[in-house]
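Chemist: Once you've had a glance at the structure underneath, I'll fire off some questions.
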Amino acid sequence: MRHLIDPTDLSMQELDEIINLALDIIDNREKYADACKGKKLATLFYEPSTRTRLSFTAAMMELGGSVLGFSDAKNSSVSKGETCADTSKVISCFADIIAMRHFEEGAALVAAMNATVPVINAGDGSHSHPTQTLTDLLTIKREIGRFDNITIGFCGDLRFGRTVHSLIKAMSRYKGVKVVLIAPDQLRLPSYMKHEVCEMNNIPYVEVSSMEEVMDQLDVLYMTRVQKERFLDEDEFDRLKDSFILDPAKLKNARPEMRILHPLPRVNEITVEVDADPRAAYFRQVENGKFVRMALILKLLEWAKDDSKTIDLVPKDVIRNEYVCHNKRCISNMENVDSLFRPATDKPGKFRCVYCESKAK
Ligand code: CP
């Protein structure tokens with residue numbers, strides 16, 4: 001079986017296949033109108049969503065398939081205490097493919113370990129959001145025309161922003177990529193990402209405290225909102241929420257061919273005046289999300305029939321049930337699942353949780 005839990009689950013060739021298929025879908029919509037006739041997608045959303053859930057729904061409908069699921073776990077048997085593992089086994093009896101969003105980090109991995117149909121991670125806590133990454137990559141392809149030799153600035157909440165984590169991982173596989181990190185001290189990119197993703201892939205990165213100082217160097221400015229729902233301390237959120245606000249004045253030195261991306265929803269980190277700027281690509285990005293999810297659904301259903309496409313969900317050198325995850329929001333601290341750790345590549349002798357990448361306690 002083949003799933004999409006982390007953006008690097010896809011080889012570079014598979015990524016190209018998905019992007020190229022999405023481009024073909026954009027040009028030949030009718031050709032795909034019955035491509036999923038008789039197939040069902042289950043959307044299991046334990047956390048709020050507008051774009052991801054509805055673009056998955058629209059994607060399956062445009063492929064001629066059907067959609068079932070829930071958008072509020074309180075109305076499902078989750079409210080009676082059913083685990084993510086059991087829910088995935090149950091839904092596998094009803095659907096051909098599952099898209100799951102969950103507030104616990106690692107939930108999609110647990111779902112994939114238990115489902116008998118492909119599982120797509122539609123966002124797991126602050127950990128990963130691989131289909132947003134596919135959306136971002138298709139947008140970069142359509143707007144900039146290449147993935148190599150790009151300087152990309154990530155601005156806002158780089159600590160909790162799962163879309164940032166996933167996109168940096170994906171971009172680290174291309175040549176000549178440079179990363180600029182623009183965040184307040186409290187919301188900086190986690191150090192394991194800087195070490196394991198940037199340094200180990202020879203991706204140069206700099207951390208700066210204002211967007212103006214780097215604006216003229218950027219090919220892409222990836223804005224993000226401060227993730228209120230991840231803060232344990234509301235006062236800290238209030239102190240940080242307005243750290244970076246993009247307005248037309250700040251774009252004064254930006255290149256004409258630069259593009260502004262944002263996974264959305266926007267709160268106030270981009271003023272509405274910026275929307276009229278041709279460099280603002282974030283609403284075009286939303287529509288790309290539907291096309292790339294159509295391509296992903298088609299590919300995962302195709303690969304589900306091909307045993308050679310199966311990949312290991314858990315690394316071979318995993319250490320089972322010896323450590324406890326440091327992260328309170330990790331599924332391994334919520335459900336009765338094996339604790340799984342792998343050696344940390346950035347810190348010899350240390351271990352990282354396979355579900356959420358946090359340190360072992
Ligand atoms: N970008 C994104 O994941 O949006 P939603 O939370 O609305 O799905």
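We name chains A, B, ... following the order of the structure tokens; residues begin at 1 in each chain, and ligands are numbered from 1 as shown.
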Please check which protein, DNA or RNA residues sit within 6 Å of ligand 1, counting only C-alpha atoms and all ligand atoms, and write them as a ChimeraX atom specification.

Modeler: /A:49-53,263-265

Chemist: Can you list every residue in segment 126-264 of chain A that DSSP puts in helix (DSSP H, G or I), as JSON, numbers by chain?

Modeler: {"A": [130, 131, 132, 133, 134, 135, 136, 137, 138, 139, 140, 141, 142, 143, 162, 163, 164, 165, 166, 167, 168, 169, 170, 171, 185, 186, 187, 191, 192, 193, 194, 195, 196, 197, 198, 199, 200, 201, 215, 216, 217, 228, 229, 230, 234, 235, 236, 237, 238, 239, 240, 248, 249, 250, 251]}

Chemist: Tell me, as number ranges by chain, which residues lie within 9 Å of Ser332 of chain A, counting only C-alpha atoms; anything in the same chain fewer than 3 positions away does not count.

Modeler: A: 105-107, 324-325, 327-329, 335-340, 353, 355-356

Chemist: Write out as a count of residues only the residues lying within 9 Å of segment 2-17 of chain A, counting only C-alpha atoms and excluding same-chain residues fewer than 3 positions away.

Modeler: 37

Chemist: Using DSSP on the backbone coordinates, identify the residues of segment 261-340 of chain A assigned to strand (DSSP E or B); present them as a PyMOL selection string.

Modeler: chain A and resi 261+270+280+319-320+325+330+340

Chemist: Keeping only all heavy atoms, take the residues you just selected and write them out as a short mmCIF file (atom, residue, chain, number, x, y, z; two decimals), in the first residue's frame.

Modeler:
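In the end it all went to again_34.cif:
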data_model
loop_
_atom_site.label_atom_id
_atom_site.label_comp_id
_atom_site.auth_asym_id
_atom_site.auth_seq_id
_atom_site.Cartn_x
_atom_site.Cartn_y
_atom_site.Cartn_z
N LEU A 261 3.45 33.91 -1.71
CA LEU A 261 2.59 32.76 -1.45
C LEU A 261 2.14 32.80 0.01
O LEU A 261 2.82 33.40 0.87
CB LEU A 261 3.36 31.45 -1.71
CG LEU A 261 3.31 30.89 -3.14
CD1 LEU A 261 3.90 31.85 -4.15
CD2 LEU A 261 4.05 29.55 -3.22
N ILE A 270 -1.00 39.89 5.89
CA ILE A 270 -0.90 40.55 4.57
C ILE A 270 -2.09 41.50 4.48
O ILE A 270 -3.24 41.05 4.60
CB ILE A 270 -0.98 39.54 3.40
CG1 ILE A 270 0.11 38.47 3.51
CG2 ILE A 270 -0.87 40.26 2.07
CD1 ILE A 270 0.07 37.42 2.39
N ALA A 280 1.05 38.94 -5.94
CA ALA A 280 0.30 38.20 -4.91
C ALA A 280 -0.32 36.97 -5.56
O ALA A 280 -1.29 37.07 -6.32
CB ALA A 280 -0.78 39.10 -4.32
N ILE A 319 13.73 2.03 16.97
CA ILE A 319 13.84 1.48 18.32
C ILE A 319 12.44 1.52 18.92
O ILE A 319 11.81 2.57 18.99
CB ILE A 319 14.82 2.33 19.16
CG1 ILE A 319 16.20 2.20 18.53
CG2 ILE A 319 14.85 1.88 20.62
CD1 ILE A 319 17.11 3.32 18.85
N ARG A 320 11.97 0.35 19.32
CA ARG A 320 10.55 0.20 19.70
C ARG A 320 10.39 0.15 21.22
O ARG A 320 11.08 -0.63 21.89
CB ARG A 320 10.05 -1.11 19.09
CG ARG A 320 8.64 -1.12 18.62
CD ARG A 320 8.35 -2.40 17.83
NE ARG A 320 8.59 -2.20 16.42
CZ ARG A 320 7.69 -1.82 15.53
NH1 ARG A 320 6.46 -1.59 15.92
NH2 ARG A 320 8.01 -1.68 14.26
N CYS A 325 8.11 10.02 24.02
CA CYS A 325 8.24 11.27 23.27
C CYS A 325 8.06 12.48 24.19
O CYS A 325 7.17 12.51 25.04
CB CYS A 325 7.22 11.30 22.14
SG CYS A 325 7.37 12.78 21.13
N CYS A 330 2.03 14.69 20.69
CA CYS A 330 2.33 13.55 19.81
C CYS A 330 1.32 12.44 20.05
O CYS A 330 0.96 12.14 21.19
CB CYS A 330 3.74 13.04 20.10
SG CYS A 330 4.15 11.59 19.13
N LEU A 340 8.06 4.75 18.91
CA LEU A 340 9.01 4.45 17.83
C LEU A 340 10.02 5.59 17.74
O LEU A 340 9.63 6.75 17.58
CB LEU A 340 8.28 4.32 16.49
CG LEU A 340 7.18 3.25 16.38
CD1 LEU A 340 6.46 3.37 15.04
CD2 LEU A 340 7.78 1.86 16.52
#
